[in-house]
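Just run.cif here, mmCIF, C-alpha atoms:
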data_entry
#
loop_
_atom_site.label_atom_id
_atom_site.label_comp_id
_atom_site.auth_asym_id
_atom_site.auth_seq_id
_atom_site.Cartn_x
_atom_site.Cartn_y
_atom_site.Cartn_z
CA MET A 1 34.39 108.59 56.96
CA LYS A 2 32.65 110.88 59.37
CA VAL A 3 29.13 112.30 59.03
CA LEU A 4 29.42 115.99 59.92
CA GLU A 5 25.80 117.05 59.58
CA LYS A 6 22.38 115.75 58.53
CA ALA A 7 19.30 117.57 57.28
CA ILE A 8 16.02 117.08 55.45
CA LEU A 9 15.36 119.35 52.47
CA GLU A 10 12.03 121.10 51.93
CA ASN A 11 11.06 118.40 49.42
CA GLY A 12 11.68 115.66 52.01
CA VAL A 13 15.03 114.46 50.63
CA HIS A 14 17.49 113.44 53.32
CA VAL A 15 21.02 114.83 52.91
CA GLN A 16 24.20 114.60 54.89
CA LEU A 17 27.62 116.18 54.75
CA GLU A 18 30.39 113.59 54.96
CA ASP A 19 34.12 114.01 55.50
CA TRP A 20 36.22 111.35 53.75
CA ARG A 21 39.62 112.98 54.33
CA ASP A 22 40.64 110.28 56.82
CA LYS A 23 40.98 107.98 53.78
CA ASN A 24 43.80 110.11 52.33
CA THR A 25 47.29 108.64 52.43
CA ALA A 26 50.81 110.05 52.39
CA GLU A 27 51.02 109.03 48.73
CA TYR A 28 47.63 110.64 47.89
CA PRO A 29 47.09 113.37 50.50
CA THR A 30 44.30 115.22 48.66
CA LEU A 31 42.37 112.40 47.01
CA TYR A 32 39.33 112.52 49.30
CA GLY A 33 37.40 115.40 50.80
CA LEU A 34 33.87 116.46 51.63
CA THR A 35 30.84 114.78 50.08
CA ILE A 36 27.18 115.68 49.96
CA ALA A 37 25.17 112.46 50.13
CA ALA A 38 21.51 112.84 49.16
CA TYR A 39 18.80 110.19 49.13
CA PRO A 40 16.15 111.27 46.61
CA ILE A 41 13.45 109.12 45.03
CA ALA A 42 14.42 107.90 41.56
CA GLY A 43 12.19 109.16 38.78
CA ARG A 44 13.41 106.45 36.39
CA SER A 45 14.84 102.95 36.51
CA ASP A 46 18.23 102.12 35.04
CA GLY A 47 18.73 98.44 35.83
CA TRP A 48 20.37 99.08 39.21
CA ILE A 49 18.07 101.71 40.66
CA TYR A 50 14.31 101.44 40.31
CA GLY A 51 11.94 104.36 39.78
CA GLY A 52 10.03 105.20 42.94
CA GLU A 53 12.81 104.00 45.25
CA LYS A 54 15.41 105.97 47.20
CA PHE A 55 18.98 105.94 45.95
CA ARG A 56 22.26 107.49 47.05
CA LEU A 57 23.36 110.47 45.00
CA GLU A 58 26.83 111.87 45.70
CA ILE A 59 28.34 115.28 45.11
CA ASN A 60 32.04 115.02 45.90
CA TYR A 61 35.05 117.23 46.34
CA ASN A 62 37.12 116.92 43.17
CA GLN A 63 40.54 118.50 42.97
CA TYR A 64 40.80 117.73 39.26
CA VAL A 65 37.92 120.05 38.32
CA ASN A 66 38.68 122.58 41.08
CA TYR A 67 35.53 121.73 43.08
CA THR A 68 36.97 122.44 46.51
CA ASN A 69 35.88 121.40 49.99
CA ASP A 70 34.77 124.99 50.60
CA MET A 71 32.57 124.81 47.51
CA VAL A 72 31.06 121.48 48.62
CA LEU A 73 30.31 122.98 52.03
CA ALA A 74 28.76 126.11 50.47
CA ASP A 75 26.59 123.96 48.19
CA TYR A 76 25.48 121.81 51.13
CA ARG A 77 24.45 124.92 53.05
CA ALA A 78 22.64 126.28 49.97
CA LEU A 79 20.71 123.00 49.65
CA VAL A 80 19.70 123.01 53.31
CA ASN A 81 18.66 126.67 53.10
CA ALA A 82 16.63 126.02 49.91
CA GLU A 83 18.82 128.41 47.91
CA LYS A 84 19.78 125.56 45.52
CA SER A 85 18.25 122.26 44.49
CA LEU A 86 19.95 118.98 43.63
CA GLU A 87 19.31 119.76 39.99
CA ASP A 88 21.33 122.97 40.37
CA LEU A 89 24.32 120.83 41.34
CA ALA A 90 23.95 118.32 38.48
CA ASP A 91 27.36 119.21 37.02
CA HIS A 92 28.93 117.74 40.17
CA PHE A 93 26.95 114.48 40.40
CA TYR A 94 29.37 111.61 40.91
CA TYR A 95 27.66 109.46 38.28
CA GLY A 96 26.92 112.44 36.03
CA GLU A 97 24.39 111.70 33.31
CA LYS A 98 23.36 108.45 34.98
CA ASP A 99 22.28 110.34 38.13
CA LYS A 100 20.50 112.94 36.01
CA TRP A 101 18.60 110.09 34.31
CA ARG A 102 17.70 108.58 37.67
CA LEU A 103 16.30 111.90 38.87
CA GLY A 104 14.20 112.25 35.72
CA MET A 105 16.19 115.19 34.36
CA ALA A 106 16.63 115.78 30.63
CA THR A 107 19.71 113.95 29.37
CA ASP A 108 20.92 112.03 26.35
CA TYR A 109 21.87 109.10 28.61
CA ARG A 110 19.91 105.91 27.93
CA PRO A 111 20.67 102.93 30.16
CA HIS A 112 20.82 99.39 28.93
CA ILE A 113 18.14 97.66 30.97
CA PRO A 114 18.27 93.90 30.62
CA SER A 115 14.99 92.12 30.10
CA LYS A 116 13.64 90.09 33.00
CA TRP A 117 14.56 86.42 33.14
#

Would you write out, as structure tokens, the structure that this file holds?
Amino acid sequence: MKVLEKAILENGVHVQLEDWRDKNTAEYPTLYGLTIAAYPIAGRSDGWIYGGEKFRLEINYNQYVNYTNDMVLADYRALVNAEKSLEDLADHFYYGEKDKWRLGMATDYRPHIPSKW
């Protein structure tokens, strides 16, 4: 993995553009691609991530839903230029509804949070 670029969004969230294509193999030549890694503050806890703490949110190239490397790059640029927000890219969150929950977005997802020991 290679970090291609780093930035800080207007809201203070750190983001970086990563290239994972070096992990592709001859058997799976298009499995990995570009990733936007963002580090926002969680709005809610889910048992793994705690509200008020930074967490890693990923927006990945995905050949199976036709989300191309060019689209990832365009979305990264739009984030950095404040033309889009992370919420605008919610359909591409790696952990989907779970990441929406963590950000405090409206979702039907409800995590199972074990009680403390």

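Each of A:Gly51, A:Ile36, A:Asp46, A:Glu97 was compared to A:Trp20 using all atoms listed in the file, and A:Ile36 turns out to be the nearest.
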
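Once the PyMOL selection byres ((chain A and resi 60-68) around 8) is applied to the depicted file, the selected set reads Thr30, Leu31, Tyr32, Gly33, Leu34, Thr35, Ile36, Glu58, Ile59, Asn69, Asp70, Met71, Val72, His92, Phe93 and Tyr94 of chain A.
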
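Atom CA of A:Pro111 lies 28.0 Å from atom CA of A:Leu79.
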
A:Gln16 environment, 6 Å, all atoms listed in the file, sequence neighbours closer than 5 positions dropped, as number ranges by chain: A: 5-6, 36-37

Translate the PyMOL selection byres ((chain A and resi 100-106) around 8) into a concrete residue list for this structure, as number ranges by chain. A: 40-46, 49, 51, 87, 90, 93, 96-99, 107-110
